[in-house]
$ cat work_15.cif   # mmCIF, C-alpha atoms
data_query
loop_
_atom_site.label_atom_id
_atom_site.label_comp_id
_atom_site.auth_asym_id
_atom_site.auth_seq_id
_atom_site.Cartn_x
_atom_site.Cartn_y
_atom_site.Cartn_z
CA MET W 1 -23.97 15.71 -3.14
CA SER W 2 -22.58 12.21 -2.72
CA GLU W 3 -20.97 12.59 -6.14
CA TRP W 4 -18.95 15.58 -4.90
CA LEU W 5 -18.06 13.82 -1.66
CA SER W 6 -16.90 10.82 -3.67
CA MET W 7 -14.71 12.98 -5.91
CA VAL W 8 -13.14 14.70 -2.90
CA LEU W 9 -12.43 11.33 -1.28
CA LEU W 10 -10.85 9.95 -4.46
CA VAL W 11 -8.54 12.95 -4.83
CA ALA W 12 -7.66 12.82 -1.11
CA GLY W 13 -6.85 9.11 -1.48
CA ALA W 14 -4.57 9.86 -4.44
CA PHE W 15 -2.82 12.53 -2.36
CA PHE W 16 -2.21 10.13 0.53
CA PHE W 17 -0.84 7.48 -1.85
CA PHE W 18 1.51 10.15 -3.23
CA ALA W 19 2.61 11.07 0.30
CA GLY W 20 3.32 7.40 1.00
CA THR W 21 5.48 7.09 -2.11
CA VAL W 22 7.42 10.24 -1.19
CA GLY W 23 7.95 8.83 2.29
CA LEU W 24 9.21 5.53 0.88
CA LEU W 25 11.71 7.43 -1.26
CA ARG W 26 12.85 9.99 1.31
CA PHE W 27 12.88 8.29 4.71
CA PRO W 28 16.33 7.16 5.84
CA ASP W 29 15.91 3.63 7.23
CA VAL W 30 13.64 0.61 7.17
CA TYR W 31 11.81 1.47 10.38
CA SER W 32 10.69 4.88 9.20
CA ARG W 33 9.82 3.53 5.74
CA LEU W 34 7.49 1.10 7.44
CA HIS W 35 5.60 4.12 8.77
CA ALA W 36 5.08 5.49 5.26
CA LEU W 37 3.84 2.13 4.06
CA ALA W 38 1.71 0.96 6.97
CA LYS W 39 -0.05 4.21 7.81
CA VAL W 40 -0.26 6.69 4.95
CA ASP W 41 -0.92 4.19 2.16
CA ASN W 42 -3.69 2.49 4.09
CA LEU W 43 -5.33 5.85 4.78
CA GLY W 44 -5.19 6.54 1.04
CA LEU W 45 -6.69 3.14 0.28
CA GLY W 46 -9.47 3.80 2.81
CA CYS W 47 -10.28 7.14 1.16
CA VAL W 48 -10.36 5.59 -2.33
CA LEU W 49 -12.53 2.65 -1.25
CA LEU W 50 -14.94 4.93 0.64
CA GLY W 51 -15.21 7.16 -2.41
CA LEU W 52 -15.96 4.14 -4.59
CA ALA W 53 -18.47 2.71 -2.11
CA LEU W 54 -20.47 5.95 -2.28
CA GLN W 55 -21.00 5.29 -6.00
CA ALA W 56 -21.71 1.56 -5.80
CA GLU W 57 -24.95 0.28 -7.31
CA SER W 58 -26.10 -1.76 -4.32
CA LEU W 59 -25.48 -1.84 -0.60
CA ALA W 60 -23.88 -5.28 -0.87
CA ALA W 61 -21.34 -4.04 -3.41
CA ALA W 62 -20.50 -1.02 -1.22
CA LEU W 63 -20.05 -3.22 1.85
CA LYS W 64 -17.81 -5.58 -0.11
CA LEU W 65 -15.58 -2.68 -1.11
CA LEU W 66 -15.50 -1.41 2.48
CA LEU W 67 -14.64 -4.88 3.80
CA ILE W 68 -11.31 -4.81 1.94
CA TRP W 69 -10.14 -1.97 4.14
CA PRO W 70 -10.18 -3.69 7.59
CA LEU W 71 -8.47 -6.70 5.99
CA VAL W 72 -5.63 -4.55 4.65
CA LEU W 73 -5.39 -2.60 7.92
CA ALA W 74 -5.07 -5.75 10.04
CA ALA W 75 -2.60 -7.29 7.58
CA SER W 76 -0.35 -4.22 7.45
CA ALA W 77 -0.34 -3.92 11.24
CA GLY W 78 0.89 -7.50 11.51
CA ILE W 79 3.41 -7.16 8.69
CA GLY W 80 4.82 -3.90 10.05
CA PHE W 81 5.31 -5.45 13.48
CA ALA W 82 6.88 -8.63 12.07
CA ILE W 83 9.32 -6.84 9.74
CA ALA W 84 10.38 -4.29 12.37
CA ARG W 85 10.99 -7.02 14.96
CA ARG W 86 12.98 -9.08 12.46
CA ALA W 87 15.07 -6.05 11.48
CA ASP W 88 15.76 -5.41 15.16
CA ALA W 89 16.72 -9.05 15.70
CA LEU W 90 19.12 -8.87 12.73
CA GLY W 91 20.84 -5.88 14.36
CA ILE W 92 19.91 -3.14 11.91
CA ALA W 93 20.44 0.10 13.82
CA PRO W 94 17.73 2.77 13.69
CA TRP W 95 18.70 5.96 11.92
CA ARG W 96 19.77 8.87 14.16
CA LYS W 97 20.20 12.53 13.30
CA ASP W 98 23.82 12.70 14.49
CA GLY W 99 24.94 9.51 12.75
CA PRO W 100 24.93 5.92 14.01
CA MET N 1 -16.75 10.76 -13.19
CA THR N 2 -15.25 7.80 -15.03
CA THR N 3 -12.55 10.12 -16.32
CA LEU N 4 -11.60 11.12 -12.78
CA ILE N 5 -11.54 7.50 -11.65
CA LEU N 6 -9.28 6.49 -14.54
CA ALA N 7 -7.05 9.52 -13.90
CA VAL N 8 -6.65 8.52 -10.24
CA ALA N 9 -5.87 4.93 -11.29
CA LEU N 10 -3.20 6.20 -13.72
CA PHE N 11 -1.74 8.41 -10.97
CA LEU N 12 -1.48 5.44 -8.61
CA LEU N 13 0.26 3.45 -11.35
CA ALA N 14 2.77 6.30 -11.81
CA ASN N 15 3.32 6.19 -8.03
CA LEU N 16 4.21 2.51 -8.30
CA VAL N 17 6.72 3.18 -11.08
CA VAL N 18 8.42 5.89 -9.00
CA ALA N 19 8.51 3.58 -5.98
CA LEU N 20 10.44 1.05 -8.09
CA ILE N 21 13.39 3.44 -7.68
CA ALA N 22 13.19 2.95 -3.93
CA ALA N 23 13.15 -0.82 -4.45
CA ALA N 24 16.24 -0.69 -6.65
CA ARG N 25 18.08 1.51 -4.15
CA GLY N 26 17.68 -0.87 -1.24
CA PRO N 27 19.78 -1.07 0.86
CA THR N 28 18.32 -3.97 2.89
CA ALA N 29 16.14 -6.79 1.63
CA ALA N 30 13.29 -5.39 3.74
CA ASP N 31 13.25 -2.19 1.68
CA ARG N 32 12.70 -4.28 -1.45
CA MET N 33 10.01 -6.27 0.30
CA LEU N 34 8.28 -3.02 1.25
CA MET N 35 7.95 -2.35 -2.47
CA ALA N 36 6.07 -5.63 -2.90
CA LEU N 37 3.80 -4.64 -0.03
CA LEU N 38 3.27 -1.24 -1.65
CA ILE N 39 2.17 -3.04 -4.82
CA GLY N 40 -0.29 -4.95 -2.65
CA THR N 41 -1.86 -1.79 -1.19
CA THR N 42 -1.74 0.37 -4.31
CA GLY N 43 -2.74 -2.50 -6.56
CA THR N 44 -5.81 -3.10 -4.41
CA GLY N 45 -6.74 0.55 -4.89
CA ILE N 46 -6.12 0.44 -8.65
CA LEU N 47 -8.19 -2.72 -9.08
CA GLY N 48 -11.06 -1.26 -7.06
CA LEU N 49 -11.01 1.86 -9.24
CA LEU N 50 -10.89 -0.19 -12.45
CA ALA N 51 -13.74 -2.42 -11.25
CA HIS N 52 -15.94 0.65 -10.99
CA ALA N 53 -14.75 2.45 -14.12
CA MET N 54 -14.95 -0.60 -16.40
CA ARG N 55 -18.10 -2.13 -14.83
CA LEU N 56 -16.27 -5.37 -14.00
CA PRO N 57 -17.28 -6.34 -10.44
CA ALA N 58 -15.06 -9.42 -10.58
CA LEU N 59 -12.02 -7.16 -10.27
CA VAL N 60 -13.02 -6.48 -6.65
CA ASP N 61 -12.41 -10.19 -5.95
CA VAL N 62 -9.00 -9.88 -7.63
CA ALA N 63 -8.27 -6.93 -5.34
CA LEU N 64 -9.16 -9.04 -2.30
CA VAL N 65 -6.83 -11.83 -3.46
CA LEU N 66 -4.02 -9.31 -3.99
CA ALA N 67 -4.48 -7.91 -0.48
CA LEU N 68 -4.40 -11.42 1.00
CA LEU N 69 -1.30 -12.42 -0.99
CA ALA N 70 0.53 -9.29 0.16
CA ALA N 71 -0.30 -10.16 3.77
CA ILE N 72 0.90 -13.76 3.45
CA GLY N 73 3.98 -12.72 1.49
CA GLY N 74 4.97 -10.13 4.06
CA ILE N 75 4.62 -12.50 7.00
CA ALA N 76 6.49 -15.29 5.17
CA PHE N 77 9.29 -12.84 4.35
CA ALA N 78 9.65 -11.61 7.92
CA LYS N 79 9.42 -15.01 9.56
CA ARG N 80 11.27 -17.27 7.11
CA ALA N 81 12.97 -15.67 4.12
CA TRP N 82 14.89 -12.75 5.62
CA GLN N 83 18.05 -14.39 6.98
CA GLY N 84 20.38 -11.42 7.18
CA LYS N 85 23.34 -9.86 5.55
CA GLU N 86 24.10 -11.78 2.36
CA GLY N 87 23.46 -9.81 -0.79
CA GLU N 88 23.06 -6.50 0.98
CA ASN N 89 25.21 -3.58 -0.05
CA GLU N 90 25.35 -1.72 3.24
#
$ encode --input "work_15.cif" --output "structure tokens"
Amino acid sequence: MSEWLSMVLLVAGAFFFFAGTVGLLRFPDVYSRLHALAKVDNLGLGCVLLGLALQAESLAAALKLLLIWPLVLAASAGIGFAIARRADALGIAPWRKDGP
Amino acid sequence: MTTLILAVALFLLANLVVALIAAARGPTAADRMLMALLIGTTGTGILGLLAHAMRLPALVDVALVLALLAAIGGIAFAKRAWQGKEGENE
């Protein structure tokens, strides 16, 4: 049972990583690319780590894997905020549908 | 199961290679920095997968270090290194 759940989580994580890469390639400006990086990729990482933690030998190993996720989430929240504020301070205009 | 884990790790590596195109395209320095942050996130995932598939628990520690370095690098870039327009082709 947990084997199947783990496989589903691993494949879902790979899908979210793929979606993040597509977003990084396709989105038009730095603000929207930050979305692809800070949200979708971290969801994919959470799925992969949860899938791995289900297969870990001991509870301590599973908890160690799961502890990486909050660290990366907090870090990417801070980085996304800092880069977006810096880009705004440097005067980079957000992308608009009808041109800048 | 190990086959699936290694396949997912290989897929994530292919994702990184494709994302290098985005890094080369730019146009601002932040877009290239985002690529480094993507390596931090995806690399953490790859190392976690490899730690399980190859029975090397030490790789989880490497993944933690990579996540921390990406965080510090991103903050240092935003606060200190990114000074503006020079070298940007926009």
$ residues_around --input "work_15.cif" --residues "region 46-52 of chain W" --least-positions-apart "3" --cutoff "7 Å" --atoms "only C-alpha atoms" --output "MDAnalysis selection string"
(chainID W and resid 6:7 9:10 12:13 42:43 55:56 65:66 69) or (chainID N and resid 45)
$ write_last_selection --input "work_15.cif" --atoms "C-alpha atoms" --output "compact mmCIF listing (two decimals), in the coordinates of the input"
# COMPACT_ATOMS: atom_id res chain seq x y z
CA SER W 6 -16.90 10.82 -3.67
CA MET W 7 -14.71 12.98 -5.91
CA LEU W 9 -12.43 11.33 -1.28
CA LEU W 10 -10.85 9.95 -4.46
CA ALA W 12 -7.66 12.82 -1.11
CA GLY W 13 -6.85 9.11 -1.48
CA ASN W 42 -3.69 2.49 4.09
CA LEU W 43 -5.33 5.85 4.78
CA GLN W 55 -21.00 5.29 -6.00
CA ALA W 56 -21.71 1.56 -5.80
CA LEU W 65 -15.58 -2.68 -1.11
CA LEU W 66 -15.50 -1.41 2.48
CA TRP W 69 -10.14 -1.97 4.14
CA GLY N 45 -6.74 0.55 -4.89
$ residues_around --input "work_15.cif" --residues "region 25-35 of chain W" --least-positions-apart "3" --cutoff "8 Å" --atoms "all atoms listed in the file" --output "short mmCIF file (atom, residue, chain, number, x, y, z; two decimals) with C-alpha atoms, in the frame of the given file"
data_model
loop_
_atom_site.label_atom_id
_atom_site.label_comp_id
_atom_site.auth_asym_id
_atom_site.auth_seq_id
_atom_site.Cartn_x
_atom_site.Cartn_y
_atom_site.Cartn_z
CA THR W 21 5.48 7.09 -2.11
CA VAL W 22 7.42 10.24 -1.19
CA ALA W 38 1.71 0.96 6.97
CA LYS W 39 -0.05 4.21 7.81
CA VAL W 40 -0.26 6.69 4.95
CA GLY W 80 4.82 -3.90 10.05
CA ALA W 84 10.38 -4.29 12.37
CA PRO W 94 17.73 2.77 13.69
CA TRP W 95 18.70 5.96 11.92
CA ALA N 19 8.51 3.58 -5.98
CA ILE N 21 13.39 3.44 -7.68
CA ALA N 22 13.19 2.95 -3.93
CA THR N 28 18.32 -3.97 2.89
CA ALA N 30 13.29 -5.39 3.74
CA ASP N 31 13.25 -2.19 1.68
CA LEU N 34 8.28 -3.02 1.25
#
$ interface_residues --input "work_15.cif" --of "chain N" --to "chain W" --cutoff "7 Å" --atoms "only C-alpha atoms" --output "CSV table (one decimal) with C-alpha atoms, in the coordinates of the input"
chain,number,residue,atom,x,y,z
N,8,VAL,CA,-6.6,8.5,-10.2
N,12,LEU,CA,-1.5,5.4,-8.6
N,15,ASN,CA,3.3,6.2,-8.0
N,19,ALA,CA,8.5,3.6,-6.0
N,22,ALA,CA,13.2,3.0,-3.9
N,30,ALA,CA,13.3,-5.4,3.7
N,31,ASP,CA,13.2,-2.2,1.7
N,38,LEU,CA,3.3,-1.2,-1.6
N,41,THR,CA,-1.9,-1.8,-1.2
N,45,GLY,CA,-6.7,0.6,-4.9
N,64,LEU,CA,-9.2,-9.0,-2.3
N,67,ALA,CA,-4.5,-7.9,-0.5
N,71,ALA,CA,-0.3,-10.2,3.8
N,74,GLY,CA,5.0,-10.1,4.1
N,75,ILE,CA,4.6,-12.5,7.0
N,78,ALA,CA,9.6,-11.6,7.9
N,84,GLY,CA,20.4,-11.4,7.2
$ closest_residue --input "work_15.cif" --among "N:Ala76, N:Leu49, N:Val65, N:Ile39" --to "Leu10 (chain N)" --atoms "only C-alpha atoms"
N:Leu49
$ atom_distance --input "work_15.cif" --atom1 "CA of Phe16 (chain W)" --atom2 "CA of Thr44 (chain N)"
14.6 Å
$ atom_distance --input "work_15.cif" --atom1 "CA of Leu4 (chain N)" --atom2 "CA of Leu50 (chain N)"
11.3 Å
$ residues_around --input "work_15.cif" --residues "Val62 (chain N)" --least-positions-apart "4" --cutoff "10 Å" --atoms "all atoms listed in the file" --output "list in words"
Gly43, Thr44, Leu47, Gly48, Ala51, Pro57, Ala58, Leu66, Ala67 and Leu68 of chain N
$ atom_distance --input "work_15.cif" --atom1 "CA of Ala23 (chain N)" --atom2 "CA of Arg96 (chain W)"
22.0 Å
$ residues_near_point --input "work_15.cif" --point "(-14.9, 2.7, -16.6)" --cutoff "10 Å" --atoms "all atoms listed in the file" --output "PyMOL selection string"
chain N and resi 1-6+49-56
$ build_atoms --input "work_15.cif" --residues "region 9-44 of chain N" --atoms "N, CA and C atoms" --output "compact mmCIF listing (two decimals), keeping the file's coordinate frame"
# COMPACT_ATOMS: atom_id res chain seq x y z
N ALA N 9 -6.52 6.23 -11.11
CA ALA N 9 -5.87 4.93 -11.29
C ALA N 9 -4.52 5.10 -11.98
N LEU N 10 -4.47 5.97 -13.01
CA LEU N 10 -3.20 6.20 -13.72
C LEU N 10 -2.17 6.84 -12.79
N PHE N 11 -2.64 7.76 -11.92
CA PHE N 11 -1.74 8.41 -10.97
C PHE N 11 -1.16 7.40 -10.00
N LEU N 12 -1.99 6.47 -9.53
CA LEU N 12 -1.48 5.44 -8.61
C LEU N 12 -0.46 4.56 -9.31
N LEU N 13 -0.70 4.26 -10.60
CA LEU N 13 0.26 3.45 -11.35
C LEU N 13 1.59 4.18 -11.48
N ALA N 14 1.53 5.51 -11.74
CA ALA N 14 2.77 6.30 -11.81
C ALA N 14 3.49 6.27 -10.46
N ASN N 15 2.72 6.29 -9.36
CA ASN N 15 3.32 6.19 -8.03
C ASN N 15 4.11 4.90 -7.88
N LEU N 16 3.53 3.80 -8.39
CA LEU N 16 4.21 2.51 -8.30
C LEU N 16 5.52 2.53 -9.07
N VAL N 17 5.50 3.14 -10.26
CA VAL N 17 6.72 3.18 -11.08
C VAL N 17 7.82 3.96 -10.36
N VAL N 18 7.43 5.10 -9.73
CA VAL N 18 8.42 5.89 -9.00
C VAL N 18 8.96 5.09 -7.82
N ALA N 19 8.07 4.34 -7.15
CA ALA N 19 8.51 3.58 -5.98
C ALA N 19 9.46 2.46 -6.36
N LEU N 20 9.46 2.05 -7.65
CA LEU N 20 10.44 1.05 -8.09
C LEU N 20 11.87 1.55 -7.86
N ILE N 21 12.06 2.88 -7.95
CA ILE N 21 13.39 3.44 -7.68
C ILE N 21 13.82 3.10 -6.26
N ALA N 22 12.88 3.28 -5.32
CA ALA N 22 13.19 2.95 -3.93
C ALA N 22 13.55 1.48 -3.79
N ALA N 23 12.86 0.61 -4.53
CA ALA N 23 13.15 -0.82 -4.45
C ALA N 23 14.54 -1.12 -4.98
N ALA N 24 14.93 -0.44 -6.08
CA ALA N 24 16.24 -0.69 -6.65
C ALA N 24 17.34 -0.17 -5.74
N ARG N 25 17.06 0.89 -4.96
CA ARG N 25 18.08 1.51 -4.15
C ARG N 25 18.40 0.70 -2.90
N GLY N 26 17.45 -0.05 -2.43
CA GLY N 26 17.68 -0.87 -1.24
C GLY N 26 17.66 -0.04 0.03
N PRO N 27 18.65 -0.16 0.94
CA PRO N 27 19.78 -1.07 0.86
C PRO N 27 19.50 -2.47 1.43
N THR N 28 18.54 -2.63 2.32
CA THR N 28 18.32 -3.97 2.89
C THR N 28 17.23 -4.69 2.10
N ALA N 29 17.16 -6.00 2.31
CA ALA N 29 16.14 -6.79 1.63
C ALA N 29 14.74 -6.33 2.05
N ALA N 30 14.61 -5.83 3.28
CA ALA N 30 13.29 -5.39 3.74
C ALA N 30 12.78 -4.22 2.92
N ASP N 31 13.69 -3.33 2.48
CA ASP N 31 13.25 -2.19 1.68
C ASP N 31 12.66 -2.67 0.35
N ARG N 32 13.26 -3.74 -0.20
CA ARG N 32 12.70 -4.28 -1.45
C ARG N 32 11.38 -4.98 -1.19
N MET N 33 11.28 -5.63 -0.03
CA MET N 33 10.01 -6.27 0.30
C MET N 33 8.91 -5.24 0.50
N LEU N 34 9.28 -4.07 1.06
CA LEU N 34 8.28 -3.02 1.25
C LEU N 34 7.67 -2.62 -0.09
N MET N 35 8.48 -2.67 -1.15
CA MET N 35 7.95 -2.35 -2.47
C MET N 35 6.87 -3.35 -2.88
N ALA N 36 7.11 -4.63 -2.59
CA ALA N 36 6.07 -5.63 -2.90
C ALA N 36 4.80 -5.37 -2.10
N LEU N 37 4.98 -4.95 -0.83
CA LEU N 37 3.80 -4.64 -0.03
C LEU N 37 3.09 -3.40 -0.56
N LEU N 38 3.88 -2.43 -1.06
CA LEU N 38 3.27 -1.24 -1.65
C LEU N 38 2.44 -1.62 -2.88
N ILE N 39 2.95 -2.57 -3.68
CA ILE N 39 2.17 -3.04 -4.82
C ILE N 39 0.87 -3.67 -4.34
N GLY N 40 0.94 -4.37 -3.19
CA GLY N 40 -0.29 -4.95 -2.65
C GLY N 40 -1.32 -3.88 -2.31
N THR N 41 -0.91 -2.83 -1.60
CA THR N 41 -1.86 -1.79 -1.19
C THR N 41 -2.34 -0.99 -2.40
N THR N 42 -1.36 -0.47 -3.18
CA THR N 42 -1.74 0.37 -4.31
C THR N 42 -2.48 -0.43 -5.38
N GLY N 43 -2.04 -1.67 -5.58
CA GLY N 43 -2.74 -2.50 -6.56
C GLY N 43 -4.18 -2.77 -6.18
N THR N 44 -4.42 -2.94 -4.87
CA THR N 44 -5.81 -3.10 -4.41
C THR N 44 -6.63 -1.87 -4.77
